[in-house]
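Next comes start.txt, a file with compact mmCIF, C-alpha atoms.
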```
# COMPACT_ATOMS: atom_id res chain seq x y z
CA GLY L 4 -18.90 1.45 22.39
CA GLY L 5 -17.79 5.04 21.79
CA ALA L 6 -19.47 6.61 24.85
CA PRO L 7 -17.17 8.19 27.47
CA GLY L 8 -15.68 5.58 29.77
CA ASN L 9 -16.53 2.68 27.47
CA LEU L 10 -14.12 0.40 25.65
CA GLN L 11 -13.97 -0.39 21.95
CA SER L 12 -12.79 -3.72 20.65
CA ARG L 13 -9.42 -3.68 18.90
CA THR L 14 -7.74 -6.55 17.08
CA MET L 15 -4.69 -7.07 14.88
CA GLY L 16 -3.81 -10.21 12.99
CA ASN L 17 -1.21 -11.28 10.44
CA ASN L 18 -1.13 -14.34 8.22
CA ILE L 19 2.16 -14.99 6.39
CA ALA L 20 3.09 -17.91 4.16
CA MET L 21 5.82 -18.69 1.66
CA GLY L 22 6.17 -21.54 -0.80
CA LYS L 23 9.38 -22.38 -2.67
CA MET L 24 10.24 -24.85 -5.43
CA ASP L 25 13.53 -25.68 -7.17
CA TYR L 26 13.54 -27.71 -10.36
CA ILE L 27 16.64 -28.96 -12.18
CA ILE L 28 15.62 -28.92 -15.84
CA ASN L 29 18.91 -30.41 -17.06
CA ASN L 30 22.62 -30.18 -16.36
CA SER L 31 22.71 -26.60 -17.60
CA ASN L 32 19.42 -25.06 -16.39
CA THR L 33 17.86 -24.69 -12.94
CA LEU L 34 14.48 -23.08 -12.28
CA SER L 35 13.71 -21.64 -8.84
CA SER L 36 10.40 -20.06 -7.86
CA PHE L 37 8.73 -18.92 -4.68
CA PHE L 38 5.50 -17.25 -3.64
CA ASN L 39 5.03 -14.85 -0.72
CA TYR L 40 1.61 -14.33 0.84
CA MET L 41 0.74 -11.78 3.53
CA ARG L 42 -2.57 -10.67 4.99
CA SER L 43 -2.73 -8.12 7.79
CA SER L 44 -6.03 -6.85 9.16
CA GLY L 45 -6.86 -4.91 12.29
CA GLU L 46 -10.13 -3.70 13.76
CA ARG L 47 -9.73 -0.06 14.84
CA ALA L 48 -6.04 -0.34 14.02
CA ILE L 49 -5.50 2.88 12.05
CA GLN L 50 -4.75 4.78 15.26
CA THR L 51 -2.76 2.83 17.85
CA PRO L 52 -2.84 4.96 21.08
CA ILE L 53 -4.79 3.43 23.96
CA VAL L 54 -6.81 6.62 24.47
CA LEU L 55 -8.04 8.77 21.57
CA GLY L 56 -9.44 12.26 22.00
CA ASN L 57 -10.58 12.26 18.37
CA VAL L 58 -13.46 9.82 18.27
CA GLY L 59 -14.04 8.58 14.71
CA ARG L 60 -10.47 8.77 13.48
CA ASN L 61 -10.13 5.02 13.62
CA GLY L 62 -11.29 2.02 11.64
CA THR L 63 -10.21 -1.14 9.86
CA ASP L 64 -6.66 -1.24 8.53
CA ASP L 65 -6.10 -3.90 5.86
CA VAL L 66 -2.94 -4.86 3.94
CA ARG L 67 -2.76 -7.65 1.34
CA ILE L 68 0.51 -8.52 -0.41
CA ASP L 69 1.13 -11.27 -2.97
CA SER L 70 4.46 -11.78 -4.70
CA TYR L 71 5.56 -14.47 -7.15
CA ASN L 72 9.23 -14.69 -8.16
CA ALA L 73 10.97 -17.01 -10.61
CA ARG L 74 14.65 -17.36 -11.54
CA LEU L 75 16.16 -19.37 -14.39
CA THR L 76 19.90 -19.94 -14.06
CA SER L 77 21.64 -21.24 -17.18
CA THR L 78 25.24 -22.43 -17.31
CA LEU L 79 26.31 -21.83 -20.90
CA GLY L 80 29.89 -22.98 -20.51
CA PRO L 81 32.76 -23.09 -18.04
CA ARG L 82 32.99 -19.29 -18.06
CA LYS L 83 29.47 -18.14 -18.96
CA VAL L 84 26.34 -17.99 -16.78
CA ASN L 85 23.00 -16.30 -17.49
CA GLU L 86 20.34 -15.46 -14.90
CA LEU L 87 16.78 -14.52 -15.91
CA ARG L 88 14.43 -13.29 -13.19
CA PHE L 89 10.72 -12.50 -13.18
CA GLN L 90 8.39 -11.00 -10.60
CA TRP L 91 4.64 -10.44 -10.39
CA SER L 92 3.39 -8.76 -7.24
CA ARG L 93 0.42 -6.92 -5.82
CA ASP L 94 0.27 -4.54 -2.86
CA PHE L 95 -3.30 -3.66 -1.84
CA GLU L 96 -3.89 -1.45 1.20
CA CYS L 97 -7.11 0.10 2.49
CA GLU L 98 -8.45 1.84 5.58
CA ILE L 99 -12.18 1.96 6.27
CA ALA L 100 -13.62 4.26 8.95
CA ASP L 101 -15.82 3.02 11.76
CA ALA L 102 -17.78 6.29 12.03
CA PRO L 103 -20.01 8.23 9.64
CA PRO L 104 -19.18 11.77 8.44
CA PRO L 105 -18.85 14.66 8.99
CA GLU L 106 -15.85 15.23 11.24
CA THR L 107 -16.69 17.84 13.87
CA TYR L 108 -14.20 19.76 15.98
CA ALA L 109 -15.88 20.94 19.15
CA ASN L 110 -13.14 23.25 20.45
CA GLY L 111 -11.56 24.91 17.44
CA SER L 112 -8.82 22.76 15.95
CA GLY L 113 -8.05 21.19 19.33
CA ASN L 114 -7.83 17.56 20.39
CA PHE L 115 -11.52 16.70 20.66
CA SER L 116 -13.50 15.75 17.59
CA PHE L 117 -15.94 13.12 16.44
CA GLY L 118 -17.13 11.79 13.10
CA ARG L 119 -15.21 10.32 10.18
CA ALA L 120 -11.67 11.65 9.84
CA THR L 121 -10.92 13.81 6.82
CA PHE L 122 -8.24 11.40 5.51
CA LEU L 123 -10.76 8.55 5.21
CA GLN L 124 -12.04 6.60 3.35
CA ARG L 125 -8.98 4.97 1.84
CA TYR L 126 -10.58 2.34 -0.36
CA ALA L 127 -7.31 1.75 -2.21
CA LEU L 128 -4.11 3.48 -1.12
CA PRO L 129 -2.61 1.94 -3.10
CA ASP L 130 -3.71 -1.00 -5.20
CA GLU L 131 -0.41 -1.59 -6.96
CA LYS L 132 0.50 -4.35 -9.42
CA ARG L 133 4.03 -4.94 -10.67
CA LEU L 134 5.62 -6.87 -13.55
CA GLN L 135 9.41 -7.04 -13.55
CA PHE L 136 11.96 -8.77 -15.80
CA VAL L 137 15.70 -8.83 -15.10
CA ASP L 138 18.46 -10.55 -17.09
CA ASN L 139 22.12 -10.82 -16.05
CA PHE L 140 24.93 -12.36 -18.08
CA SER L 141 28.28 -13.18 -16.45
CA TYR L 142 31.51 -13.99 -18.30
CA ILE L 143 34.96 -14.80 -16.95
CA ALA L 144 37.78 -13.59 -19.23
CA GLY L 145 41.24 -14.05 -17.73
CA LYS L 146 41.47 -11.84 -14.66
CA HIS L 147 38.19 -10.08 -15.49
CA ALA L 148 34.73 -10.99 -14.26
CA ILE L 149 32.42 -9.18 -16.67
CA LYS L 150 28.72 -8.84 -15.94
CA PHE L 151 26.04 -6.98 -17.88
CA GLY L 152 22.28 -7.00 -18.10
CA GLY L 153 19.05 -5.07 -18.07
CA GLU L 154 15.72 -4.63 -16.38
CA VAL L 155 12.14 -3.75 -17.35
CA ASN L 156 9.83 -2.77 -14.50
CA ARG L 157 6.14 -1.97 -15.14
CA VAL L 158 3.91 -0.73 -12.30
CA HIS L 159 0.17 -0.08 -12.40
CA ASP L 160 -1.21 1.99 -9.52
CA PHE L 161 -4.86 2.54 -8.65
CA ILE L 162 -5.76 5.09 -5.96
CA ASN L 163 -9.21 5.58 -4.44
CA ASN L 164 -9.07 8.05 -1.55
CA PRO L 165 -12.05 10.44 -1.25
CA THR L 166 -10.53 12.60 1.48
CA GLN L 167 -12.78 15.12 3.22
CA PHE L 168 -15.76 14.18 1.04
CA GLY L 169 -17.85 13.94 4.21
CA GLY L 170 -17.09 17.50 5.27
CA THR L 171 -15.60 19.09 8.40
CA TYR L 172 -17.29 21.43 10.88
CA THR L 173 -15.22 23.53 13.26
CA TYR L 174 -16.87 24.99 16.37
CA PRO L 175 -15.17 27.52 18.67
CA SER L 176 -16.47 25.75 21.78
CA THR L 177 -18.59 22.86 23.00
CA LEU L 178 -21.26 25.43 23.93
CA ALA L 179 -21.56 26.52 20.28
CA LEU L 180 -21.85 22.88 19.25
CA GLY L 181 -24.55 22.29 21.84
CA LEU L 182 -26.54 25.26 20.59
CA ASP L 183 -26.48 23.86 17.04
CA LEU L 184 -27.58 20.46 18.28
CA VAL L 185 -30.63 22.14 19.82
CA ASN L 186 -31.22 24.44 16.88
CA PRO L 187 -29.40 23.24 13.71
CA GLY L 188 -30.40 26.38 11.83
CA ALA L 189 -28.36 28.58 14.13
CA LYS L 190 -25.09 27.73 12.34
CA ASN L 191 -22.77 28.56 15.21
CA TYR L 192 -19.79 26.86 13.56
CA THR L 193 -16.86 29.01 12.44
CA ASN L 194 -15.80 26.95 9.46
CA PHE L 195 -17.11 24.24 7.13
CA VAL L 196 -14.99 22.51 4.48
CA GLU L 197 -16.00 19.74 2.07
CA ASP L 198 -14.15 18.37 -0.93
CA PHE L 199 -15.72 16.98 -4.07
CA GLY L 200 -14.61 15.82 -7.48
CA LEU L 201 -12.32 13.01 -8.60
CA ALA L 202 -11.72 10.45 -5.83
CA GLU L 203 -9.96 7.75 -7.83
CA TYR L 204 -7.33 7.63 -10.55
CA ALA L 205 -4.89 5.17 -12.09
CA TYR L 206 -1.53 5.47 -13.78
CA ASN L 207 1.26 3.30 -15.19
CA THR L 208 5.02 3.67 -15.00
CA ILE L 209 7.62 1.75 -17.01
CA ASP L 210 11.29 1.88 -16.02
CA PHE L 211 14.24 0.53 -18.00
CA ALA L 212 17.76 -0.05 -16.73
CA LEU L 213 21.05 -1.30 -18.23
CA PHE L 214 24.36 -1.99 -16.54
CA VAL L 215 27.90 -3.20 -17.28
CA GLN L 216 30.31 -4.30 -14.57
CA ASP L 217 33.93 -5.45 -14.62
CA GLN L 218 35.70 -6.79 -11.57
```
Would you give me this structure, written as structure tokens?
Amino acid sequence: GGAPGNLQSRTMGNNIAMGKMDYIINNSNTLSSFFNYMRSSGERAIQTPIVLGNVGRNGTDDVRIDSYNARLTSTLGPRKVNELRFQWSRDFECEIADAPPPETYANGSGNFSFGRATFLQRYALPDEKRLQFVDNFSYIAGKHAIKFGGEVNRVHDFINNPTQFGGTYTYPSTLALGLDLVNPGAKNYTNFVEDFGLAEYAYNTIDFALFVQDQ
């Protein structure tokens, strides 16, 4: 498939769905909830140009998003309304190469290379999960519309991106590359770089917010 003049298959698909439900608990409370679902996957969809001079810099691009939201609206009197909102969501994105390492530049740092790109694999970039709570209280007092509330937003991120773990060879010319293919011990490349160490990590963030508004 990757030989000169040949074609490689390329696909892109999206599946999107949303479900919504409203429930009147009583005369004072209404619960609304909805769920968003999205799946996007493409074969050799990381790079979109029709012609690529860098063979191996493509692969599967995958995005998966789930989001659940709920809102409780409470009428506490003729001038008082409270709104409580909740969200749980996940954003998972990955890119998997369709070629093995290393990446090899055959004419310096020019536009012809083959082998797995240095920015891949992206096993999780990111895998993010979110919990969010928001509460708003509204009160009408004469000519004033007073609103105040707060928010708590917790995010957990997991990253797994072993960039350049497969190594990169740089050759000054295709002739130098050809000589190494005949005699690997000749080492006619001008540069070799390979990363190693920690490829994955996780962290949490928690944000708080308060507001007061008068109209």
request  = Would you please work out which residue, of L:Ile162, L:Val137, L:Ala48, L:Leu34, is nearest to Leu201 in chain L when using all atoms listed in the file?
outcome  =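 For Leu201 in chain L, the nearest of the given residues is L:Ile162.
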message = Please list as a VMD selection string every residue within 7 Å of Ala73 in chain L, counting all atoms listed in the file and excluding residues in the same chain fewer than 3 positions away.
response = chain L and resid 35 to 37 88 to 90
message = Counting only C-alpha atoms, which residues have an atom no more than 12 Å from (14.4, -28.9, -8.1) in the file's coordinates? Please list them as a count of residues only.
response = 15
If you take every atom of range 47-65 of chain L that the file lists and fit an axis-aligned box around them with 4 Å extra on each side, what centre and edge lengths come out in Å to one decimal, as JSON?
```
{"center_x": -8.4, "center_y": 4.2, "center_z": 15.2, "size_x": 19.3, "size_y": 24.2, "size_z": 26.6}
```
ask   = Leaving out Pro104 in chain L and any residue of its chain fewer than 2 positions from it, which residues lie within 10 Å of it when counting only C-alpha atoms, given as a list in words?
value =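 In the requested format, the answer is Gly59, Ala100, Asp101, Ala102, Glu106, Thr107, Phe117, Gly118, Arg119, Ala120, Thr121, Leu123, Gln167, Phe168, Gly169, Gly170 and Thr171 of chain L.
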message = Show me the residues close to (7.2, 0.9, -10.0) - anything with an atom within 8 Å, counting all atoms listed in the file - and format the list as a list in words.
response = Arg133, Asn156, Arg157, Val158, His159, Thr208, Ile209 and Asp210 of chain L
Selection to disk with C-alpha atoms, as a PDB file, keeping the file's coordinate frame:
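Output file part28.pdb follows:
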```pdb
ATOM      1  CA  ARG L 133       4.030  -4.940 -10.670  1.00  0.00           C
ATOM      2  CA  ASN L 156       9.830  -2.770 -14.500  1.00  0.00           C
ATOM      3  CA  ARG L 157       6.140  -1.970 -15.140  1.00  0.00           C
ATOM      4  CA  VAL L 158       3.910  -0.730 -12.300  1.00  0.00           C
ATOM      5  CA  HIS L 159       0.170  -0.080 -12.400  1.00  0.00           C
ATOM      6  CA  THR L 208       5.020   3.670 -15.000  1.00  0.00           C
ATOM      7  CA  ILE L 209       7.620   1.750 -17.010  1.00  0.00           C
ATOM      8  CA  ASP L 210      11.290   1.880 -16.020  1.00  0.00           C
TER       9      ASP L 210
END
```
ask   = CA of Phe199 in chain L and CA of Asn110 in chain L, how far apart in Å?
value = 25.4 Å
ask   = Using all atoms listed in the file, which of the listed residues (L:Gln11, L:Gln218, L:Asn191, L:Thr63) sits closest to Tyr126 in chain L?
value =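 When distances to Tyr126 in chain L are compared using all atoms listed in the file, the smallest one comes from L:Thr63.
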ask   = Nearest to Ala202 in chain L: which of L:Ala189, L:Ala127, L:Val155, L:Ala179 is it, counting only C-alpha atoms?
value = L:Ala127
query = From the set L:Ser116, L:Asn18, L:Asn85, L:Thr78, which residue has the shortest atom-to-atom contact distance to Val58 in chain L, counting only C-alpha atoms?
reply = L:Ser116
Interatomic distance, CA of Gly80 in chain L to CA of Phe136 in chain L (Å, one decimal) =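 If I compute the distance from CA of Gly80 in chain L to CA of Phe136 in chain L, I get 23.4 Å.
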task = Rank nothing, just name the residue among L:Val66, L:Val54, L:Val215, L:Leu134 nearest to Trp91 in chain L, using all atoms listed in the file.
result =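 Ranking L:Val66, L:Val54, L:Val215, L:Leu134 by distance to Trp91 in chain L, first place goes to L:Leu134.
Proximity of L:Gly188, L:Gly45, L:Pro175, L:Gly111 to Gly16 in chain L, computed with all atoms listed in the file, is greatest for L:Gly45.
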